[in-house]
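Have a look at start_35.cif below; it lists mmCIF, C-alpha atoms.
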data_start
loop_
_atom_site.label_atom_id
_atom_site.label_comp_id
_atom_site.auth_asym_id
_atom_site.auth_seq_id
_atom_site.Cartn_x
_atom_site.Cartn_y
_atom_site.Cartn_z
CA SER A 1 58.39 17.44 14.60
CA TRP A 2 56.34 14.28 14.17
CA GLN A 3 53.62 15.74 16.36
CA ASP A 4 53.40 18.84 14.18
CA PHE A 5 53.30 16.68 11.03
CA ARG A 6 50.52 14.53 12.47
CA GLU A 7 48.54 17.58 13.57
CA THR A 8 48.88 19.21 10.15
CA ASN A 9 47.80 16.07 8.33
CA LYS A 10 44.88 15.52 10.70
CA TRP A 11 43.34 18.76 9.52
CA HIS A 12 44.36 18.05 5.94
CA PHE A 13 42.52 14.71 5.99
CA ARG A 14 39.50 16.33 7.65
CA ALA A 15 39.31 18.99 4.95
CA MET A 16 39.54 16.32 2.27
CA MET A 17 36.79 14.22 3.87
CA LEU A 18 34.62 17.28 4.39
CA ALA A 19 34.81 18.09 0.69
CA GLU A 20 34.30 14.48 -0.42
CA ALA A 21 31.39 13.85 1.96
CA ALA A 22 29.61 16.91 0.60
CA ARG A 23 29.81 15.32 -2.84
CA ASN A 24 29.07 11.74 -1.78
CA GLY A 25 27.77 11.17 1.72
CA GLU A 26 28.23 7.40 1.45
CA LEU A 27 31.99 7.94 1.69
CA LEU A 28 31.46 8.39 5.41
CA VAL A 29 31.57 4.59 5.63
CA SER A 30 35.30 4.67 4.83
CA ALA A 31 36.09 7.51 7.23
CA SER A 32 38.04 6.97 10.42
CA LEU A 33 36.19 6.70 13.73
CA ARG A 34 37.44 10.19 14.55
CA LEU A 35 35.91 11.65 11.39
CA ARG A 36 32.68 9.72 11.88
CA ALA A 37 32.45 11.51 15.20
CA ASP A 38 33.23 14.89 13.64
CA ARG A 39 30.03 16.94 13.55
CA GLY A 40 31.02 19.01 10.54
CA VAL A 41 31.99 15.99 8.45
CA VAL A 42 28.85 14.06 9.36
CA LEU A 43 26.63 17.07 8.71
CA ALA A 44 28.12 17.41 5.23
CA ALA A 45 27.61 13.70 4.58
CA VAL A 46 23.98 13.46 5.70
CA GLY A 47 23.12 16.66 3.89
CA GLN A 48 24.10 14.92 0.67
CA GLN A 49 22.92 11.39 1.56
CA GLY A 50 20.59 11.17 4.54
CA CYS A 51 21.11 7.48 5.18
CA ALA A 52 24.84 8.09 5.70
CA LEU A 53 23.61 8.76 9.24
CA LYS A 54 24.06 5.03 9.89
CA TYR A 55 27.86 5.50 9.69
CA ALA A 56 27.94 8.32 12.23
CA CYS A 57 28.95 7.68 15.81
CA GLN A 58 26.20 7.01 18.35
CA ASP A 59 26.43 10.47 19.87
CA LEU A 60 25.80 12.15 16.52
CA ARG A 61 22.86 9.87 15.79
CA SER A 62 21.41 11.42 18.94
CA ASP A 63 22.16 14.96 17.76
CA SER A 64 18.88 16.64 16.73
CA GLY A 65 20.57 18.98 14.25
CA ILE A 66 22.38 16.15 12.48
CA VAL A 67 19.32 13.91 12.41
CA HIS A 68 17.04 16.70 11.20
CA ALA A 69 19.43 17.35 8.31
CA ALA A 70 19.50 13.63 7.51
CA VAL A 71 15.74 13.08 7.49
CA SER A 72 15.16 16.26 5.52
CA GLN A 73 17.31 14.73 2.78
CA ASP A 74 15.90 11.19 3.12
CA GLY A 75 12.99 10.60 5.46
CA CYS A 76 13.86 6.94 5.95
CA ALA A 77 17.17 7.93 7.54
CA LEU A 78 14.97 8.13 10.64
CA LYS A 79 15.62 4.42 11.18
CA HIS A 80 19.26 5.24 11.97
CA ALA A 81 18.43 7.91 14.55
CA SER A 82 18.51 7.25 18.27
CA LEU A 83 15.31 5.91 19.86
CA HIS A 84 14.86 9.24 21.62
CA LEU A 85 14.81 11.20 18.36
CA ARG A 86 12.51 8.69 16.69
CA SER A 87 9.97 9.89 19.22
CA ASP A 88 10.68 13.59 18.62
CA SER A 89 7.68 15.14 16.83
CA THR A 90 9.74 17.76 15.00
CA ILE A 91 12.18 15.17 13.66
CA VAL A 92 9.48 12.67 12.73
CA SER A 93 7.32 15.33 11.06
CA ALA A 94 10.26 16.37 8.88
CA ALA A 95 10.98 12.73 8.03
CA VAL A 96 7.37 11.91 7.10
CA GLU A 97 7.05 15.09 5.07
CA GLN A 98 10.09 14.03 3.04
CA ASP A 99 8.99 10.38 2.75
CA GLY A 100 5.82 8.97 4.26
CA ASN A 101 7.49 5.57 4.61
CA ALA A 102 9.43 7.04 7.53
CA LEU A 103 6.29 6.47 9.62
CA GLN A 104 7.28 2.84 10.11
CA HIS A 105 10.44 3.98 11.92
CA ALA A 106 8.68 6.47 14.21
CA GLY A 107 8.25 5.83 17.91
CA LYS A 108 5.01 4.17 19.00
CA ASP A 109 3.61 7.39 20.46
CA LEU A 110 4.04 9.27 17.17
CA ARG A 111 2.41 6.50 15.16
CA ALA A 112 -0.63 7.52 17.18
CA ASP A 113 -0.26 11.21 16.22
CA ARG A 114 -3.13 12.16 13.87
CA ARG A 115 -1.24 14.94 12.11
CA ILE A 116 1.81 12.81 11.38
CA VAL A 117 -0.17 9.74 10.30
CA LEU A 118 -2.47 11.82 8.10
CA ALA A 119 0.56 13.29 6.33
CA ALA A 120 1.87 9.78 5.71
CA VAL A 121 -1.33 8.16 4.41
CA ARG A 122 -1.96 11.07 2.07
CA GLN A 123 1.31 10.09 0.38
CA ASP A 124 0.62 6.35 0.44
CA GLY A 125 -2.58 4.97 1.89
CA ASN A 126 -0.99 1.60 2.64
CA LEU A 127 1.10 3.29 5.34
CA LEU A 128 -2.04 2.96 7.45
CA LEU A 129 -0.48 -0.40 8.30
CA HIS A 130 2.03 1.40 10.55
CA ALA A 131 -0.51 3.60 12.35
CA SER A 132 -1.66 2.85 15.86
CA ASP A 133 -4.74 0.69 16.39
CA GLY A 134 -6.60 3.81 17.48
CA LEU A 135 -5.91 5.64 14.22
CA ARG A 136 -6.75 2.59 12.14
CA ALA A 137 -10.18 2.99 13.72
CA ASP A 138 -10.32 6.73 12.96
CA SER A 139 -12.70 7.39 10.06
CA THR A 140 -10.93 10.56 8.90
CA ILE A 141 -7.55 8.84 8.75
CA VAL A 142 -8.91 5.72 7.07
CA LEU A 143 -10.93 7.68 4.53
CA ALA A 144 -7.83 9.66 3.54
CA ALA A 145 -5.89 6.40 3.25
CA VAL A 146 -8.38 4.58 1.01
CA LYS A 147 -8.80 7.61 -1.23
CA ASN A 148 -5.07 7.42 -1.88
CA ASN A 149 -4.83 3.63 -2.06
CA ALA A 150 -8.00 1.55 -2.00
CA TYR A 151 -6.18 -1.48 -0.61
CA ALA A 152 -5.47 0.44 2.59
CA LEU A 153 -8.93 -0.81 3.53
CA GLN A 154 -7.33 -4.09 4.60
CA HIS A 155 -5.50 -2.24 7.39
CA ALA A 156 -8.58 -0.49 8.76
CA SER A 157 -10.27 -1.66 11.93
CA PRO A 158 -13.02 -4.29 11.55
CA ASP A 159 -15.67 -1.67 12.33
CA LEU A 160 -14.50 0.65 9.56
CA ARG A 161 -14.36 -2.18 7.06
CA GLU A 162 -18.11 -2.32 7.70
CA ASP A 163 -18.48 1.43 7.18
CA ARG A 164 -20.46 2.03 3.99
CA ALA A 165 -18.95 5.44 3.14
CA ILE A 166 -15.40 4.20 3.59
CA VAL A 167 -15.93 1.01 1.59
CA LEU A 168 -17.65 2.92 -1.23
CA ALA A 169 -14.71 5.35 -1.33
CA ALA A 170 -12.34 2.39 -1.59
CA VAL A 171 -14.20 0.52 -4.35
CA ARG A 172 -14.58 3.73 -6.35
CA GLN A 173 -10.81 4.02 -6.27
CA ASP A 174 -10.27 0.32 -7.06
CA ALA A 175 -13.24 -2.03 -7.41
CA CYS A 176 -11.35 -5.11 -6.20
CA ALA A 177 -10.78 -3.50 -2.80
CA LEU A 178 -14.21 -5.02 -2.16
CA GLN A 179 -12.34 -8.13 -1.02
CA HIS A 180 -11.28 -6.25 2.12
CA ALA A 181 -14.77 -5.00 3.01
CA GLY A 182 -16.66 -6.49 5.92
CA GLU A 183 -18.98 -9.42 5.24
CA SER A 184 -22.17 -7.36 5.49
CA LEU A 185 -20.99 -4.94 2.77
CA ARG A 186 -19.81 -7.71 0.48
CA ALA A 187 -23.43 -8.85 0.70
CA ASP A 188 -24.78 -5.35 0.07
CA ARG A 189 -26.22 -5.18 -3.46
CA ALA A 190 -25.63 -1.46 -3.93
CA VAL A 191 -21.99 -1.66 -2.81
CA VAL A 192 -21.28 -4.71 -4.96
CA ILE A 193 -22.98 -3.17 -8.01
CA GLU A 194 -20.91 0.00 -7.54
CA ALA A 195 -17.77 -2.14 -7.62
CA VAL A 196 -18.87 -4.37 -10.50
CA GLN A 197 -19.79 -1.42 -12.69
CA GLN A 198 -16.14 -0.36 -12.52
CA ASP A 199 -14.60 -3.81 -12.83
CA GLY A 200 -16.60 -6.99 -13.34
CA CYS A 201 -13.86 -9.03 -11.68
CA ALA A 202 -14.90 -7.50 -8.36
CA LEU A 203 -17.93 -9.79 -8.38
CA GLN A 204 -15.71 -12.65 -7.21
CA HIS A 205 -15.37 -10.81 -3.90
CA ALA A 206 -19.11 -10.53 -3.28
CA SER A 207 -20.54 -12.73 -0.55
CA GLU A 208 -21.43 -16.34 -1.32
CA ASP A 209 -25.06 -15.62 -0.62
CA LEU A 210 -25.17 -12.81 -3.18
CA ARG A 211 -23.43 -14.92 -5.82
CA ALA A 212 -26.04 -17.61 -5.14
CA ASP A 213 -28.94 -15.16 -5.54
CA SER A 214 -30.59 -16.05 -8.86
CA ASN A 215 -32.21 -12.66 -9.42
CA PHE A 216 -29.02 -10.76 -8.67
CA MET A 217 -26.86 -13.00 -10.83
CA LEU A 218 -29.39 -12.97 -13.66
CA ASP A 219 -29.02 -9.18 -13.72
CA GLN A 220 -25.23 -9.51 -13.79
CA VAL A 221 -24.98 -12.06 -16.61
CA THR A 222 -27.52 -10.09 -18.62
CA ARG A 223 -25.05 -7.19 -18.57
CA CYS A 224 -21.99 -9.36 -19.10
CA GLY A 225 -22.15 -13.06 -19.83
CA ARG A 226 -18.70 -13.68 -18.37
CA MET A 227 -20.09 -12.91 -14.92
CA LEU A 228 -21.29 -16.51 -14.96
CA GLU A 229 -17.78 -17.45 -13.84
CA TYR A 230 -18.44 -15.91 -10.42
CA ALA A 231 -21.89 -17.39 -9.86
CA SER A 232 -22.38 -20.14 -7.31
CA ASP A 233 -21.99 -23.71 -8.52
CA GLU A 234 -25.73 -24.14 -8.30
CA LEU A 235 -26.40 -21.18 -10.60
CA ARG A 236 -23.79 -22.34 -13.10
CA LYS A 237 -26.11 -25.32 -13.52
CA ASP A 238 -29.24 -23.14 -13.67
CA ARG A 239 -30.76 -23.18 -17.15
CA SER A 240 -32.21 -19.64 -17.06
CA VAL A 241 -29.00 -18.06 -15.76
CA VAL A 242 -26.73 -19.94 -18.18
CA ARG A 243 -29.03 -19.23 -21.12
CA ALA A 244 -29.05 -15.50 -20.30
CA ALA A 245 -25.24 -15.45 -20.01
CA ILE A 246 -24.79 -17.20 -23.36
CA ALA A 247 -27.30 -14.93 -25.08
CA GLN A 248 -25.54 -11.79 -23.85
CA ALA A 249 -22.14 -13.13 -24.88
CA HIS A 250 -23.41 -14.07 -28.32
CA ARG A 251 -24.91 -10.61 -28.86
CA THR A 252 -21.71 -8.80 -28.00
CA GLY A 253 -19.00 -11.23 -29.07
CA GLY A 254 -20.53 -13.75 -31.41
CA ALA A 255 -20.21 -17.51 -31.28
CA GLY A 256 -16.63 -17.44 -30.03
CA GLU A 257 -17.49 -15.44 -26.93
CA ALA A 258 -20.65 -17.47 -26.36
CA ALA A 259 -18.56 -20.65 -26.49
CA ASN A 260 -16.22 -19.25 -23.83
CA VAL A 261 -19.17 -18.49 -21.56
CA LEU A 262 -20.64 -21.95 -22.14
CA LYS A 263 -17.39 -23.41 -20.77
CA MET A 264 -18.12 -21.59 -17.49
CA ALA A 265 -21.34 -23.56 -17.03
CA LEU A 266 -21.16 -26.80 -15.05
CA PRO A 267 -22.30 -30.24 -16.17
CA PRO A 268 -24.70 -31.14 -17.53
CA LEU A 269 -25.48 -27.70 -18.99
CA ASN A 270 -22.07 -27.17 -20.55
CA GLN A 271 -22.86 -30.08 -22.88
CA ASP A 272 -26.60 -29.50 -23.17
CA LEU A 273 -27.77 -29.41 -26.80
CA GLU A 274 -30.05 -26.40 -26.23
CA MET A 275 -27.16 -24.43 -24.71
CA VAL A 276 -24.75 -25.47 -27.46
CA ARG A 277 -27.23 -24.26 -30.06
CA ALA A 278 -27.81 -21.02 -28.15
CA ALA A 279 -24.09 -20.43 -28.33
CA GLY A 280 -24.28 -20.86 -32.09
CA LEU A 281 -22.17 -23.99 -32.07
CA GLY A 282 -24.63 -26.52 -33.40
#
File written out as structure tokens:
Amino acid sequence: SWQDFRETNKWHFRAMMLAEAARNGELLVSASLRLRADRGVVLAAVGQQGCALKYACQDLRSDSGIVHAAVSQDGCALKHASLHLRSDSTIVSAAVEQDGNALQHAGKDLRADRRIVLAAVRQDGNLLLHASDGLRADSTIVLAAVKNNAYALQHASPDLREDRAIVLAAVRQDACALQHAGESLRADRAVVIEAVQQDGCALQHASEDLRADSNFMLDQVTRCGRMLEYASDELRKDRSVVRAAIAQAHRTGGAGEAANVLKMALPPLNQDLEMVRAAGLG
């Protein structure tokens, strides 16, 4: 009978989809509504391609077993889970373990969970962005984040951006993270020197007051003439600072390098005969 034929083919099509979904979970998108509500078919699909969860029926996106299988294959499949399961610590832990980026899809309460957030920022420090305000003010969490990615410092609380140990950890990982330090530490000689010793370009992120300090900048241009570029406008017109920068450049790079440094000076020193001669150009 027609009914028997339809019943036989229903199970035939299910078996076909079950086999195909296990090979390519994305094929769930072309499945019938009945098969997208079939637990076995969906489980096969998400086991192969976690984000195929988005094609499952609503009930199965609320099924902890299905969702756990999906996030274990692709942590970011968490975004397709029901709101309830995005606040389930077991599900979210599995998702974050597979891919720290899943943290952004976790429920608000779990973005305040130290264990889950710590697991995420140890994979990618910039995921601190998705942590709760409380954990962005937690020194252990923030320290772990900046050790992984120095630029995570920008997501730390204002107080921790003024924390010497945390800022030093960040600039040791990437000197230019200094730009995200609090104002007091960008004016701290020891912190700035730590950064500049790794990458001279970090000097541009020091405070204006420090870059206008003649003694400090004289030390910097004596080590590298090109540091003159980051000095205050007033010091780029200061004869002793400019002369020291040109002399250092000439010693290490000859007249060509000295000429480049002379261009960083401001009028009238960049055309001053004494400075031109010091650069070996006249």
* Expand the PyMOL selection byres ((chain A and resi 31) around 12) into the individual residues it matches in the shown file, reporting them as a PyMOL selection string. => chain A and resi 13-14+16-18+20-21+25-30+32-38+41-42+45+52+55-57
* Resolved residues for the PyMOL selection byres ((chain A and resi 158) around 12) as a list of chain:residue names ->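 So the PyMOL selection byres ((chain A and resi 158) around 12) ends up selecting A:Asp133, A:Gly134, A:Arg136, A:Ala137, A:Asp138, A:Ser139, A:Val142, A:Leu153, A:Gln154, A:His155, A:Ala156, A:Ser157, A:Asp159, A:Leu160, A:Arg161, A:Glu162, A:Asp163, A:Ile166, A:Val167, A:His180, A:Ala181, A:Gly182, A:Glu183, A:Ser184, A:Leu185.
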May I have the residues within 8 Å of Ala278 (chain A) as a CSV table (one decimal) with C-alpha atoms, in the frame of the given file, using all atoms listed in the file and disregarding those fewer than 2 positions away in the same chain?
chain,number,residue,atom,x,y,z
A,243,ARG,CA,-29.0,-19.2,-21.1
A,246,ILE,CA,-24.8,-17.2,-23.4
A,247,ALA,CA,-27.3,-14.9,-25.1
A,274,GLU,CA,-30.0,-26.4,-26.2
A,275,MET,CA,-27.2,-24.4,-24.7
A,276,VAL,CA,-24.8,-25.5,-27.5
A,280,GLY,CA,-24.3,-20.9,-32.1
A,281,LEU,CA,-22.2,-24.0,-32.1
* Between CA of Ala245 (chain A) and CA of Cys224 (chain A), what is the distance, to one decimal in Å? ->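 We find that CA of Ala245 (chain A) and CA of Cys224 (chain A) lie 7.0 Å from each other.
Note that CA of Gly200 (chain A) and CA of Thr252 (chain A) are 15.6 Å apart.
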* To do: Have a look at A:Ala69, A:Arg172, A:Glu229, A:Asp209 and name the one nearest to Ile193 (chain A); count all atoms listed in the file.
  =>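 Using all atoms listed in the file, the shortest distance to Ile193 (chain A) belongs to A:Arg172.
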Where atoms are absent from region 137-152 of chain A, fill them in so it carries N, CA and C atoms, then output it as a compact mmCIF listing (two decimals), in the coordinates of the input.
# COMPACT_ATOMS: atom_id res chain seq x y z
N ALA A 137 -8.74 2.98 13.45
CA ALA A 137 -10.18 2.99 13.72
C ALA A 137 -10.73 4.41 13.63
N ASP A 138 -9.92 5.33 13.10
CA ASP A 138 -10.32 6.73 12.96
C ASP A 138 -10.83 6.95 11.54
N SER A 139 -12.10 7.31 11.39
CA SER A 139 -12.70 7.39 10.06
C SER A 139 -12.04 8.42 9.16
N THR A 140 -11.58 9.54 9.71
CA THR A 140 -10.93 10.56 8.90
C THR A 140 -9.61 10.04 8.34
N ILE A 141 -8.84 9.40 9.18
CA ILE A 141 -7.55 8.84 8.75
C ILE A 141 -7.76 7.76 7.70
N VAL A 142 -8.68 6.84 7.97
CA VAL A 142 -8.91 5.72 7.07
C VAL A 142 -9.48 6.19 5.74
N LEU A 143 -10.36 7.16 5.77
CA LEU A 143 -10.93 7.68 4.53
C LEU A 143 -9.84 8.31 3.65
N ALA A 144 -8.95 9.06 4.28
CA ALA A 144 -7.83 9.66 3.54
C ALA A 144 -6.94 8.56 2.95
N ALA A 145 -6.74 7.50 3.71
CA ALA A 145 -5.89 6.40 3.25
C ALA A 145 -6.49 5.69 2.04
N VAL A 146 -7.78 5.34 2.11
CA VAL A 146 -8.38 4.58 1.01
C VAL A 146 -8.59 5.44 -0.23
N LYS A 147 -8.69 6.74 -0.05
CA LYS A 147 -8.80 7.61 -1.23
C LYS A 147 -7.47 7.67 -1.97
N ASN A 148 -6.39 7.46 -1.24
CA ASN A 148 -5.07 7.42 -1.88
C ASN A 148 -4.77 6.04 -2.44
N ASN A 149 -5.10 5.01 -1.66
CA ASN A 149 -4.83 3.63 -2.06
C ASN A 149 -5.96 2.77 -1.52
N ALA A 150 -6.81 2.29 -2.41
CA ALA A 150 -8.00 1.55 -2.00
C ALA A 150 -7.67 0.36 -1.11
N TYR A 151 -6.52 -0.26 -1.35
CA TYR A 151 -6.18 -1.48 -0.61
C TYR A 151 -5.76 -1.19 0.83
N ALA A 152 -5.68 0.08 1.19
CA ALA A 152 -5.47 0.44 2.59
C ALA A 152 -6.63 -0.04 3.44
